[in-house]
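Undergrad: Take a look at structure.pdb, PDB, C-alpha atoms, pLDDT in the B column:
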```pdb
ATOM      1  CA  MET U   1       0.550 -40.902 -14.281  1.00 81.00           C
ATOM      2  CA  THR U   2       2.537 -37.690 -14.450  1.00 89.00           C
ATOM      3  CA  LEU U   3       1.454 -34.850 -12.203  1.00 90.00           C
ATOM      4  CA  SER U   4       1.099 -31.329 -13.471  1.00 93.00           C
ATOM      5  CA  PRO U   5       3.309 -28.531 -12.100  1.00 90.00           C
ATOM      6  CA  VAL U   6       0.246 -27.484 -10.094  1.00 89.00           C
ATOM      7  CA  THR U   7      -0.256 -30.808  -8.311  1.00 90.00           C
ATOM      8  CA  GLU U   8       3.279 -32.239  -8.139  1.00 91.00           C
ATOM      9  CA  HIS U   9       3.579 -30.682  -4.661  1.00 90.00           C
ATOM     10  CA  SER U  10       0.656 -31.487  -2.424  1.00 91.00           C
ATOM     11  CA  ALA U  11      -1.429 -28.672  -0.996  1.00 93.00           C
ATOM     12  CA  ALA U  12      -1.136 -27.776   2.657  1.00 94.00           C
ATOM     13  CA  THR U  13      -3.775 -28.990   5.046  1.00 96.00           C
ATOM     14  CA  ALA U  14      -6.765 -26.696   5.453  1.00 97.00           C
ATOM     15  CA  GLU U  15      -5.526 -25.702   8.908  1.00 97.00           C
ATOM     16  CA  ARG U  16      -2.045 -24.766   7.654  1.00 97.00           C
ATOM     17  CA  ALA U  17      -3.507 -22.936   4.646  1.00 97.00           C
ATOM     18  CA  TYR U  18      -5.803 -20.938   6.917  1.00 97.00           C
ATOM     19  CA  ALA U  19      -2.904 -19.970   9.199  1.00 97.00           C
ATOM     20  CA  HIS U  20      -0.803 -18.930   6.195  1.00 96.00           C
ATOM     21  CA  PHE U  21      -3.493 -16.751   4.606  1.00 96.00           C
ATOM     22  CA  ALA U  22      -4.552 -15.227   7.921  1.00 96.00           C
ATOM     23  CA  ALA U  23      -0.920 -14.305   8.592  1.00 96.00           C
ATOM     24  CA  LYS U  24      -0.565 -12.838   5.102  1.00 95.00           C
ATOM     25  CA  LEU U  25      -3.584 -10.579   5.679  1.00 97.00           C
ATOM     26  CA  SER U  26      -2.064  -9.358   8.930  1.00 97.00           C
ATOM     27  CA  PHE U  27       0.860  -7.923   6.932  1.00 97.00           C
ATOM     28  CA  GLU U  28      -0.877  -6.394   3.915  1.00 97.00           C
ATOM     29  CA  THR U  29      -4.038  -4.805   2.587  1.00 98.00           C
ATOM     30  CA  ASP U  30      -5.175  -3.967  -0.913  1.00 96.00           C
ATOM     31  CA  PRO U  31      -6.397  -0.840  -2.712  1.00 97.00           C
ATOM     32  CA  ALA U  32     -10.030  -1.985  -2.889  1.00 96.00           C
ATOM     33  CA  ASP U  33     -10.223  -2.595   0.867  1.00 97.00           C
ATOM     34  CA  VAL U  34      -8.631   0.785   1.630  1.00 98.00           C
ATOM     35  CA  ALA U  35     -10.864   2.626  -0.856  1.00 97.00           C
ATOM     36  CA  GLY U  36     -13.938   0.804   0.466  1.00 96.00           C
ATOM     37  CA  ALA U  37     -13.140   1.737   4.056  1.00 97.00           C
ATOM     38  CA  MET U  38     -12.615   5.350   2.980  1.00 96.00           C
ATOM     39  CA  SER U  39     -15.911   5.516   1.108  1.00 94.00           C
ATOM     40  CA  ASP U  40     -17.705   3.980   4.111  1.00 95.00           C
ATOM     41  CA  GLY U  41     -16.112   6.558   6.428  1.00 94.00           C
ATOM     42  CA  GLU U  42     -14.233   3.841   8.323  1.00 93.00           C
ATOM     43  CA  VAL U  43     -10.778   5.410   8.230  1.00 95.00           C
ATOM     44  CA  ASP U  44      -9.165   3.775  11.238  1.00 97.00           C
ATOM     45  CA  PHE U  45      -5.732   3.897   9.601  1.00 98.00           C
ATOM     46  CA  ILE U  46      -3.143   6.377   8.352  1.00 98.00           C
ATOM     47  CA  LEU U  47      -1.746   6.083   4.834  1.00 98.00           C
ATOM     48  CA  ILE U  48       1.981   6.766   4.592  1.00 98.00           C
ATOM     49  CA  ASP U  49       3.387   7.587   1.157  1.00 98.00           C
ATOM     50  CA  THR U  50       7.087   6.686   1.200  1.00 97.00           C
ATOM     51  CA  ARG U  51       7.937   8.195  -2.192  1.00 96.00           C
ATOM     52  CA  LYS U  52      10.008  11.353  -2.644  1.00 95.00           C
ATOM     53  CA  GLN U  53       8.286  14.633  -1.729  1.00 94.00           C
ATOM     54  CA  GLY U  54       7.980  15.763  -5.376  1.00 94.00           C
ATOM     55  CA  HIS U  55       6.093  12.651  -6.407  1.00 94.00           C
ATOM     56  CA  TYR U  56       3.841  12.888  -3.374  1.00 96.00           C
ATOM     57  CA  THR U  57       3.116  16.559  -4.123  1.00 95.00           C
ATOM     58  CA  LYS U  58       2.190  15.697  -7.704  1.00 95.00           C
ATOM     59  CA  SER U  59      -0.279  12.966  -6.768  1.00 95.00           C
ATOM     60  CA  HIS U  60      -0.970  10.746  -3.759  1.00 96.00           C
ATOM     61  CA  LEU U  61      -3.699   8.671  -2.145  1.00 97.00           C
ATOM     62  CA  PRO U  62      -6.417  10.748  -0.465  1.00 97.00           C
ATOM     63  CA  GLY U  63      -5.425  11.787   3.037  1.00 97.00           C
ATOM     64  CA  ALA U  64      -1.962  10.226   2.844  1.00 98.00           C
ATOM     65  CA  ILE U  65       0.974  11.789   4.635  1.00 97.00           C
ATOM     66  CA  ASN U  66       4.457  11.758   3.150  1.00 97.00           C
ATOM     67  CA  VAL U  67       7.649  10.501   4.713  1.00 95.00           C
ATOM     68  CA  PRO U  68      10.398   8.700   2.836  1.00 84.00           C
ATOM     69  CA  GLN U  69      11.478   5.619   4.776  1.00 79.00           C
ATOM     70  CA  THR U  70      14.693   7.408   5.770  1.00 85.00           C
ATOM     71  CA  GLY U  71      12.592   9.953   7.698  1.00 92.00           C
ATOM     72  CA  ILE U  72      10.929   7.423   9.974  1.00 95.00           C
ATOM     73  CA  THR U  73      12.146   8.014  13.508  1.00 95.00           C
ATOM     74  CA  ALA U  74      10.724   7.502  16.976  1.00 96.00           C
ATOM     75  CA  GLN U  75      10.105  11.266  17.204  1.00 96.00           C
ATOM     76  CA  TRP U  76       8.227  11.327  13.883  1.00 96.00           C
ATOM     77  CA  LEU U  77       6.204   8.259  14.840  1.00 96.00           C
ATOM     78  CA  ALA U  78       5.255   9.737  18.226  1.00 96.00           C
ATOM     79  CA  GLN U  79       3.368  12.514  16.390  1.00 96.00           C
ATOM     80  CA  LEU U  80       0.925  10.011  14.867  1.00 97.00           C
ATOM     81  CA  PRO U  81      -2.180   8.848  16.748  1.00 96.00           C
ATOM     82  CA  ALA U  82      -1.389   5.602  18.555  1.00 95.00           C
ATOM     83  CA  ASP U  83      -4.869   4.169  17.927  1.00 96.00           C
ATOM     84  CA  LYS U  84      -4.526   4.169  14.129  1.00 97.00           C
ATOM     85  CA  LEU U  85      -3.090   1.355  12.024  1.00 98.00           C
ATOM     86  CA  LEU U  86      -0.300   2.598   9.765  1.00 98.00           C
ATOM     87  CA  ILE U  87      -0.330   1.561   6.108  1.00 98.00           C
ATOM     88  CA  THR U  88       2.733   2.192   3.956  1.00 98.00           C
ATOM     89  CA  TYR U  89       2.897   2.427   0.189  1.00 98.00           C
ATOM     90  CA  CYS U  90       5.413   3.251  -2.519  1.00 96.00           C
ATOM     91  CA  TRP U  91       5.245   3.290  -6.342  1.00 95.00           C
ATOM     92  CA  GLY U  92       4.338  -0.337  -6.903  1.00 94.00           C
ATOM     93  CA  PRO U  93       5.521  -3.925  -6.766  1.00 92.00           C
ATOM     94  CA  ALA U  94       9.034  -3.038  -7.953  1.00 93.00           C
ATOM     95  CA  CYS U  95       9.570  -0.497  -5.148  1.00 92.00           C
ATOM     96  CA  ASN U  96      10.544  -1.624  -1.664  1.00 94.00           C
ATOM     97  CA  GLY U  97      10.412   1.774   0.055  1.00 95.00           C
ATOM     98  CA  SER U  98       7.124   0.837   1.692  1.00 96.00           C
ATOM     99  CA  THR U  99       8.584  -2.478   2.883  1.00 96.00           C
ATOM    100  CA  LYS U 100      11.573  -0.712   4.438  1.00 95.00           C
ATOM    101  CA  ALA U 101       9.254   1.862   6.034  1.00 96.00           C
ATOM    102  CA  ALA U 102       6.964  -0.841   7.425  1.00 97.00           C
ATOM    103  CA  MET U 103       9.956  -2.665   8.857  1.00 96.00           C
ATOM    104  CA  LYS U 104      11.178   0.515  10.599  1.00 97.00           C
ATOM    105  CA  ILE U 105       7.711   1.283  11.946  1.00 97.00           C
ATOM    106  CA  ALA U 106       7.386  -2.252  13.310  1.00 98.00           C
ATOM    107  CA  ALA U 107      10.869  -2.034  14.863  1.00 97.00           C
ATOM    108  CA  LEU U 108       9.660   1.105  16.661  1.00 97.00           C
ATOM    109  CA  GLY U 109       6.755  -0.857  18.133  1.00 97.00           C
ATOM    110  CA  ARG U 110       3.774   0.154  15.990  1.00 97.00           C
ATOM    111  CA  PRO U 111       1.383  -2.121  14.075  1.00 97.00           C
ATOM    112  CA  VAL U 112       1.747  -1.632  10.330  1.00 98.00           C
ATOM    113  CA  LYS U 113       0.574  -3.092   7.032  1.00 98.00           C
ATOM    114  CA  GLU U 114       1.769  -2.591   3.469  1.00 98.00           C
ATOM    115  CA  LEU U 115      -0.541  -1.653   0.589  1.00 98.00           C
ATOM    116  CA  ILE U 116      -0.303  -4.344  -2.089  1.00 96.00           C
ATOM    117  CA  GLY U 117       0.650  -2.828  -5.440  1.00 96.00           C
ATOM    118  CA  GLY U 118       1.219   0.650  -4.010  1.00 97.00           C
ATOM    119  CA  PHE U 119       0.350   3.826  -5.892  1.00 96.00           C
ATOM    120  CA  GLN U 120       0.490   2.063  -9.268  1.00 95.00           C
ATOM    121  CA  TYR U 121      -2.238  -0.421  -8.458  1.00 95.00           C
ATOM    122  CA  TRP U 122      -4.348   2.174  -6.631  1.00 96.00           C
ATOM    123  CA  VAL U 123      -4.488   4.102  -9.914  1.00 94.00           C
ATOM    124  CA  ARG U 124      -4.893   0.967 -12.057  1.00 93.00           C
ATOM    125  CA  GLU U 125      -7.948  -0.001 -10.016  1.00 93.00           C
ATOM    126  CA  GLY U 126      -9.468   3.401 -10.716  1.00 91.00           C
ATOM    127  CA  TRP U 127      -9.318   5.077  -7.327  1.00 93.00           C
ATOM    128  CA  PRO U 128      -8.863   8.869  -7.345  1.00 91.00           C
ATOM    129  CA  THR U 129      -5.815  10.670  -5.995  1.00 95.00           C
ATOM    130  CA  GLU U 130      -5.049  14.095  -4.533  1.00 95.00           C
ATOM    131  CA  GLY U 131      -2.243  16.558  -5.240  1.00 92.00           C
ATOM    132  CA  LYS U 132      -1.176  19.110  -7.845  1.00 91.00           C
ATOM    133  CA  ARG U 133      -1.991  16.622 -10.615  1.00 87.00           C
ATOM    134  CA  PRO U 134      -4.712  14.417  -9.116  1.00 78.00           C
ATOM    135  CA  LEU U 135      -5.765  11.404 -11.113  1.00 74.00           C
ATOM    136  CA  ASP U 136      -9.167   9.883 -11.493  1.00 62.00           C
ATOM    137  CA  ALA U 137      -8.260   6.850 -13.550  1.00 52.00           C
ATOM    138  CA  ARG U 138     -11.923   5.947 -14.124  1.00 50.00           C
ATOM    139  CA  VAL U 139     -12.375   9.162 -16.087  1.00 46.00           C
ATOM    140  CA  ALA U 140      -8.954  10.290 -17.256  1.00 43.00           C
ATOM    141  CA  ALA U 141      -6.957   7.138 -17.956  1.00 43.00           C
ATOM    142  CA  PRO U 142      -5.806   6.739 -21.547  1.00 43.00           C
ATOM    143  CA  ALA U 143      -6.333   3.412 -23.251  1.00 41.00           C
ATOM    144  CA  SER U 144      -2.709   2.434 -22.596  1.00 42.00           C
ATOM    145  CA  THR U 145      -1.299   1.664 -19.173  1.00 45.00           C
ATOM    146  CA  ASP U 146       0.804   4.856 -19.267  1.00 46.00           C
ATOM    147  CA  LEU U 147      -1.009   7.165 -16.869  1.00 47.00           C
ATOM    148  CA  GLY U 148       1.652   9.867 -17.020  1.00 48.00           C
ATOM    149  CA  LEU U 149       2.785   9.004 -13.513  1.00 47.00           C
ATOM    150  CA  PHE U 150       6.446   9.645 -14.211  1.00 43.00           C
ATOM    151  CA  ALA U 151       6.115  12.774 -16.375  1.00 41.00           C
TER     152      ALA U 151
END
```
Have the structure of the file written as structure tokens, please.
TA:
Amino acid sequence: MTLSPVTEHSAATAERAYAHFAAKLSFETDPADVAGAMSDGEVDFILIDTRKQGHYTKSHLPGAINVPQTGITAQWLAQLPADKLLITYCWGPACNGSTKAAMKIAALGRPVKELIGGFQYWVREGWPTEGKRPLDARVAAPASTDLGLFA
């Protein structure tokens, strides 16, 4: 009997799978969890937008602060409350600015997570933004996937 591409490699034991997925969740969070915490008033984190200032000014996640990953220093980090988890984000899956920022933050000794999908998936999931051109994708999104994010 030939195995499918799905089963040709056996699955990890339940214990190893649990450890893997628990570790994965310690490194990342998703837009729905962040939006849910915000709507419940449980904002025990700081959102860090790592995109260029102009993009941040145009539209960003509610309450996010802006610092490109090149601006992350010990002095900058010392200004942020030590009791808050830091969450970095960039444009989306094809942008690694948030990964670089998270790495620098961790190297400076602070806990940090990365937002899966970044700004792109925040908007795709329909969560509102702030800025000069705020988006509420639930109301304003055109039928296509072009939300005018790069205009």
Undergrad: With all atoms listed in the file as the atoms that count, which of U:Leu135, U:Trp91, U:Leu77, U:Pro128 lies nearest to U:Ala107?
TA: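 Of all the options, U:Leu77 lies closest to U:Ala107.
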Undergrad: Would you translate the PyMOL selection byres ((chain U and resi 113) around 7) into the concrete set of residues it matches in this file, as a list in words?
TA: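 Listing what the PyMOL selection byres ((chain U and resi 113) around 7) selects in the shown file: Phe27, Glu28, Thr29, Leu86, Ile87, Thr88, Ala102, Val112, Glu114 and Leu115 of chain U.
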Undergrad: Rounded to one decimal, what separation in Å do you get between atom CA of U:Leu61 and atom CA of U:Glu130?
TA: 6.1 Å
Undergrad: For the structure provided, state which residues fall under the PyMOL selection byres ((chain U and resi 85) around 9), and present them as a list of chain:residue names.
TA: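 That selection, the PyMOL selection byres ((chain U and resi 85) around 9), comes back as U:Asp44, U:Phe45, U:Ile46, U:Leu47, U:Pro81, U:Ala82, U:Asp83, U:Lys84, U:Leu86, U:Ile87, U:Arg110, U:Pro111, U:Val112, U:Lys113.
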Undergrad: Please measure the separation of atom CA of U:Gly109 and atom CA of U:Gln75, giving the value in Å to one decimal.
TA: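 Pair atom CA of U:Gly109 / atom CA of U:Gln75 returns 12.6 Å.
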Undergrad: Could you please determine the separation between atom CA of U:Gly92 and atom CA of U:Asp33 in Å, to one decimal place?
TA: 16.7 Å
Undergrad: Within 9 Å of U:Lys132, counting only C-alpha atoms, which residues show up once you throw out same-chain ones fewer than 6 positions away? Write them as a ChimeraX atom specification, please.
TA: /U:57-59
Undergrad: Taking the file above as input, evaluate the PyMOL selection byres ((chain U and resi 51) around 9) and report the hits as a VMD selection string.
TA: chain U and resid 49 to 50 52 to 56 66 to 69 89 to 91 97 to 98
Undergrad: Looking at all atoms listed in the file, which of U:Ala101, U:Gly126, U:Phe21, U:Phe119 is the one that sits closest to U:Ala64?
TA: U:Phe119
Undergrad: Pick out the residues sitting within 9 Å of U:Thr129, and hand them over as a list of chain:residue names; count only C-alpha atoms, and ignore anything fewer than 5 positions along from it in its own chain.
TA: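 Near neighbours after the sequence-gap exclusion: U:Ser59, U:His60, U:Leu61, U:Pro62, U:Trp122, U:Val123, U:Pro134, U:Leu135, U:Asp136, U:Ala137.
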Undergrad: Go ahead and dump the residues you just picked, C-alpha atoms, as a short mmCIF file (atom, residue, chain, number, x, y, z; two decimals), in the frame of the given file.
TA:
```cif
data_model
loop_
_atom_site.label_atom_id
_atom_site.label_comp_id
_atom_site.auth_asym_id
_atom_site.auth_seq_id
_atom_site.Cartn_x
_atom_site.Cartn_y
_atom_site.Cartn_z
CA SER U 59 -0.28 12.97 -6.77
CA HIS U 60 -0.97 10.75 -3.76
CA LEU U 61 -3.70 8.67 -2.14
CA PRO U 62 -6.42 10.75 -0.46
CA TRP U 122 -4.35 2.17 -6.63
CA VAL U 123 -4.49 4.10 -9.91
CA PRO U 134 -4.71 14.42 -9.12
CA LEU U 135 -5.76 11.40 -11.11
CA ASP U 136 -9.17 9.88 -11.49
CA ALA U 137 -8.26 6.85 -13.55
#
```
Undergrad: Can you work out which one of U:Tyr18, U:Gly117, U:Pro5, U:Gly131 has the shortest atom-to-atom distance to U:Gly63, counting all atoms listed in the file?
TA: U:Gly131
Undergrad: Could you model all heavy atoms for stretch 116-127 of chain U and present them as a PDB file, keeping the file's coordinate frame?
TA:
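And here's selection10.pdb as it stands now:
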```pdb
ATOM      1  N   ILE U 116      -0.693  -3.526  -0.943  1.00 96.00           N
ATOM      2  CA  ILE U 116      -0.303  -4.344  -2.089  1.00 96.00           C
ATOM      3  C   ILE U 116      -0.393  -3.512  -3.368  1.00 96.00           C
ATOM      4  O   ILE U 116      -1.404  -2.878  -3.631  1.00 96.00           O
ATOM      5  CB  ILE U 116      -1.241  -5.565  -2.236  1.00 96.00           C
ATOM      6  CG1 ILE U 116      -1.185  -6.465  -1.024  1.00 96.00           C
ATOM      7  CG2 ILE U 116      -0.893  -6.362  -3.496  1.00 96.00           C
ATOM      8  CD1 ILE U 116      -2.257  -7.536  -1.032  1.00 96.00           C
ATOM      9  N   GLY U 117       0.661  -3.507  -4.146  1.00 96.00           N
ATOM     10  CA  GLY U 117       0.650  -2.828  -5.440  1.00 96.00           C
ATOM     11  C   GLY U 117       0.939  -1.344  -5.373  1.00 96.00           C
ATOM     12  O   GLY U 117       1.186  -0.713  -6.390  1.00 96.00           O
ATOM     13  N   GLY U 118       0.881  -0.755  -4.180  1.00 97.00           N
ATOM     14  CA  GLY U 118       1.219   0.650  -4.010  1.00 97.00           C
ATOM     15  C   GLY U 118       0.397   1.608  -4.861  1.00 97.00           C
ATOM     16  O   GLY U 118      -0.739   1.327  -5.251  1.00 97.00           O
ATOM     17  N   PHE U 119       1.000   2.762  -5.130  1.00 96.00           N
ATOM     18  CA  PHE U 119       0.350   3.826  -5.892  1.00 96.00           C
ATOM     19  C   PHE U 119      -0.088   3.331  -7.270  1.00 96.00           C
ATOM     20  O   PHE U 119      -1.190   3.627  -7.736  1.00 96.00           O
ATOM     21  CB  PHE U 119       1.321   5.009  -6.032  1.00 96.00           C
ATOM     22  CG  PHE U 119       0.734   6.203  -6.731  1.00 96.00           C
ATOM     23  CD1 PHE U 119      -0.037   7.112  -6.041  1.00 96.00           C
ATOM     24  CD2 PHE U 119       0.971   6.421  -8.083  1.00 96.00           C
ATOM     25  CE1 PHE U 119      -0.580   8.212  -6.678  1.00 96.00           C
ATOM     26  CE2 PHE U 119       0.441   7.521  -8.723  1.00 96.00           C
ATOM     27  CZ  PHE U 119      -0.338   8.423  -8.026  1.00 96.00           C
ATOM     28  N   GLN U 120       0.771   2.557  -7.913  1.00 95.00           N
ATOM     29  CA  GLN U 120       0.490   2.063  -9.268  1.00 95.00           C
ATOM     30  C   GLN U 120      -0.825   1.290  -9.327  1.00 95.00           C
ATOM     31  O   GLN U 120      -1.659   1.529 -10.197  1.00 95.00           O
ATOM     32  CB  GLN U 120       1.640   1.178  -9.737  1.00 95.00           C
ATOM     33  CG  GLN U 120       1.433   0.599 -11.123  1.00 95.00           C
ATOM     34  CD  GLN U 120       2.551  -0.353 -11.524  1.00 95.00           C
ATOM     35  OE1 GLN U 120       3.394  -0.734 -10.714  1.00 95.00           O
ATOM     36  NE2 GLN U 120       2.559  -0.740 -12.774  1.00 95.00           N
ATOM     37  N   TYR U 121      -1.034   0.391  -8.397  1.00 95.00           N
ATOM     38  CA  TYR U 121      -2.238  -0.421  -8.458  1.00 95.00           C
ATOM     39  C   TYR U 121      -3.457   0.323  -7.917  1.00 95.00           C
ATOM     40  O   TYR U 121      -4.586   0.037  -8.324  1.00 95.00           O
ATOM     41  CB  TYR U 121      -2.021  -1.775  -7.763  1.00 95.00           C
ATOM     42  CG  TYR U 121      -1.336  -2.722  -8.717  1.00 95.00           C
ATOM     43  CD1 TYR U 121       0.018  -2.572  -8.996  1.00 95.00           C
ATOM     44  CD2 TYR U 121      -2.036  -3.694  -9.388  1.00 95.00           C
ATOM     45  CE1 TYR U 121       0.657  -3.396  -9.906  1.00 95.00           C
ATOM     46  CE2 TYR U 121      -1.416  -4.530 -10.298  1.00 95.00           C
ATOM     47  CZ  TYR U 121      -0.063  -4.372 -10.565  1.00 95.00           C
ATOM     48  OH  TYR U 121       0.552  -5.188 -11.472  1.00 95.00           O
ATOM     49  N   TRP U 122      -3.247   1.297  -7.058  1.00 96.00           N
ATOM     50  CA  TRP U 122      -4.348   2.174  -6.631  1.00 96.00           C
ATOM     51  C   TRP U 122      -4.932   2.850  -7.874  1.00 96.00           C
ATOM     52  O   TRP U 122      -6.141   2.847  -8.090  1.00 96.00           O
ATOM     53  CB  TRP U 122      -3.829   3.202  -5.636  1.00 96.00           C
ATOM     54  CG  TRP U 122      -4.859   4.171  -5.167  1.00 96.00           C
ATOM     55  CD1 TRP U 122      -5.168   5.377  -5.745  1.00 96.00           C
ATOM     56  CD2 TRP U 122      -5.731   4.044  -4.040  1.00 96.00           C
ATOM     57  NE1 TRP U 122      -6.169   5.996  -5.035  1.00 96.00           N
ATOM     58  CE2 TRP U 122      -6.525   5.196  -3.985  1.00 96.00           C
ATOM     59  CE3 TRP U 122      -5.891   3.061  -3.068  1.00 96.00           C
ATOM     60  CZ2 TRP U 122      -7.485   5.408  -2.998  1.00 96.00           C
ATOM     61  CZ3 TRP U 122      -6.839   3.261  -2.085  1.00 96.00           C
ATOM     62  CH2 TRP U 122      -7.631   4.418  -2.059  1.00 96.00           C
ATOM     63  N   VAL U 123      -4.053   3.406  -8.696  1.00 94.00           N
ATOM     64  CA  VAL U 123      -4.488   4.102  -9.914  1.00 94.00           C
ATOM     65  C   VAL U 123      -5.061   3.110 -10.921  1.00 94.00           C
ATOM     66  O   VAL U 123      -6.098   3.366 -11.529  1.00 94.00           O
ATOM     67  CB  VAL U 123      -3.325   4.925 -10.519  1.00 94.00           C
ATOM     68  CG1 VAL U 123      -3.700   5.496 -11.874  1.00 94.00           C
ATOM     69  CG2 VAL U 123      -2.927   6.040  -9.559  1.00 94.00           C
ATOM     70  N   ARG U 124      -4.408   1.974 -11.110  1.00 93.00           N
ATOM     71  CA  ARG U 124      -4.893   0.967 -12.057  1.00 93.00           C
ATOM     72  C   ARG U 124      -6.303   0.497 -11.717  1.00 93.00           C
ATOM     73  O   ARG U 124      -7.082   0.171 -12.600  1.00 93.00           O
ATOM     74  CB  ARG U 124      -3.973  -0.250 -12.074  1.00 93.00           C
ATOM     75  CG  ARG U 124      -2.768  -0.075 -12.914  1.00 93.00           C
ATOM     76  CD  ARG U 124      -2.014  -1.374 -12.974  1.00 93.00           C
ATOM     77  NE  ARG U 124      -0.912  -1.249 -13.914  1.00 93.00           N
ATOM     78  CZ  ARG U 124      -0.218  -2.262 -14.363  1.00 93.00           C
ATOM     79  NH1 ARG U 124      -0.489  -3.492 -13.972  1.00 93.00           N
ATOM     80  NH2 ARG U 124       0.768  -2.066 -15.198  1.00 93.00           N
ATOM     81  N   GLU U 125      -6.614   0.442 -10.421  1.00 93.00           N
ATOM     82  CA  GLU U 125      -7.948  -0.001 -10.016  1.00 93.00           C
ATOM     83  C   GLU U 125      -8.978   1.114 -10.120  1.00 93.00           C
ATOM     84  O   GLU U 125     -10.162   0.886  -9.884  1.00 93.00           O
ATOM     85  CB  GLU U 125      -7.905  -0.577  -8.594  1.00 93.00           C
ATOM     86  CG  GLU U 125      -7.201  -1.914  -8.544  1.00 93.00           C
ATOM     87  CD  GLU U 125      -7.274  -2.585  -7.189  1.00 93.00           C
ATOM     88  OE1 GLU U 125      -8.167  -2.254  -6.385  1.00 93.00           O
ATOM     89  OE2 GLU U 125      -6.433  -3.461  -6.936  1.00 93.00           O
ATOM     90  N   GLY U 126      -8.524   2.328 -10.453  1.00 91.00           N
ATOM     91  CA  GLY U 126      -9.468   3.401 -10.716  1.00 91.00           C
ATOM     92  C   GLY U 126      -9.809   4.288  -9.549  1.00 91.00           C
ATOM     93  O   GLY U 126     -10.773   5.047  -9.612  1.00 91.00           O
ATOM     94  N   TRP U 127      -9.027   4.236  -8.480  1.00 93.00           N
ATOM     95  CA  TRP U 127      -9.318   5.077  -7.327  1.00 93.00           C
ATOM     96  C   TRP U 127      -8.687   6.451  -7.515  1.00 93.00           C
ATOM     97  O   TRP U 127      -7.570   6.561  -8.002  1.00 93.00           O
ATOM     98  CB  TRP U 127      -8.818   4.410  -6.044  1.00 93.00           C
ATOM     99  CG  TRP U 127      -9.312   3.007  -5.902  1.00 93.00           C
ATOM    100  CD1 TRP U 127      -8.568   1.859  -5.929  1.00 93.00           C
ATOM    101  CD2 TRP U 127     -10.668   2.581  -5.749  1.00 93.00           C
ATOM    102  NE1 TRP U 127      -9.372   0.763  -5.799  1.00 93.00           N
ATOM    103  CE2 TRP U 127     -10.676   1.172  -5.689  1.00 93.00           C
ATOM    104  CE3 TRP U 127     -11.891   3.251  -5.668  1.00 93.00           C
ATOM    105  CZ2 TRP U 127     -11.835   0.422  -5.530  1.00 93.00           C
ATOM    106  CZ3 TRP U 127     -13.048   2.502  -5.510  1.00 93.00           C
ATOM    107  CH2 TRP U 127     -13.008   1.111  -5.447  1.00 93.00           C
TER     108      TRP U 127
END
```
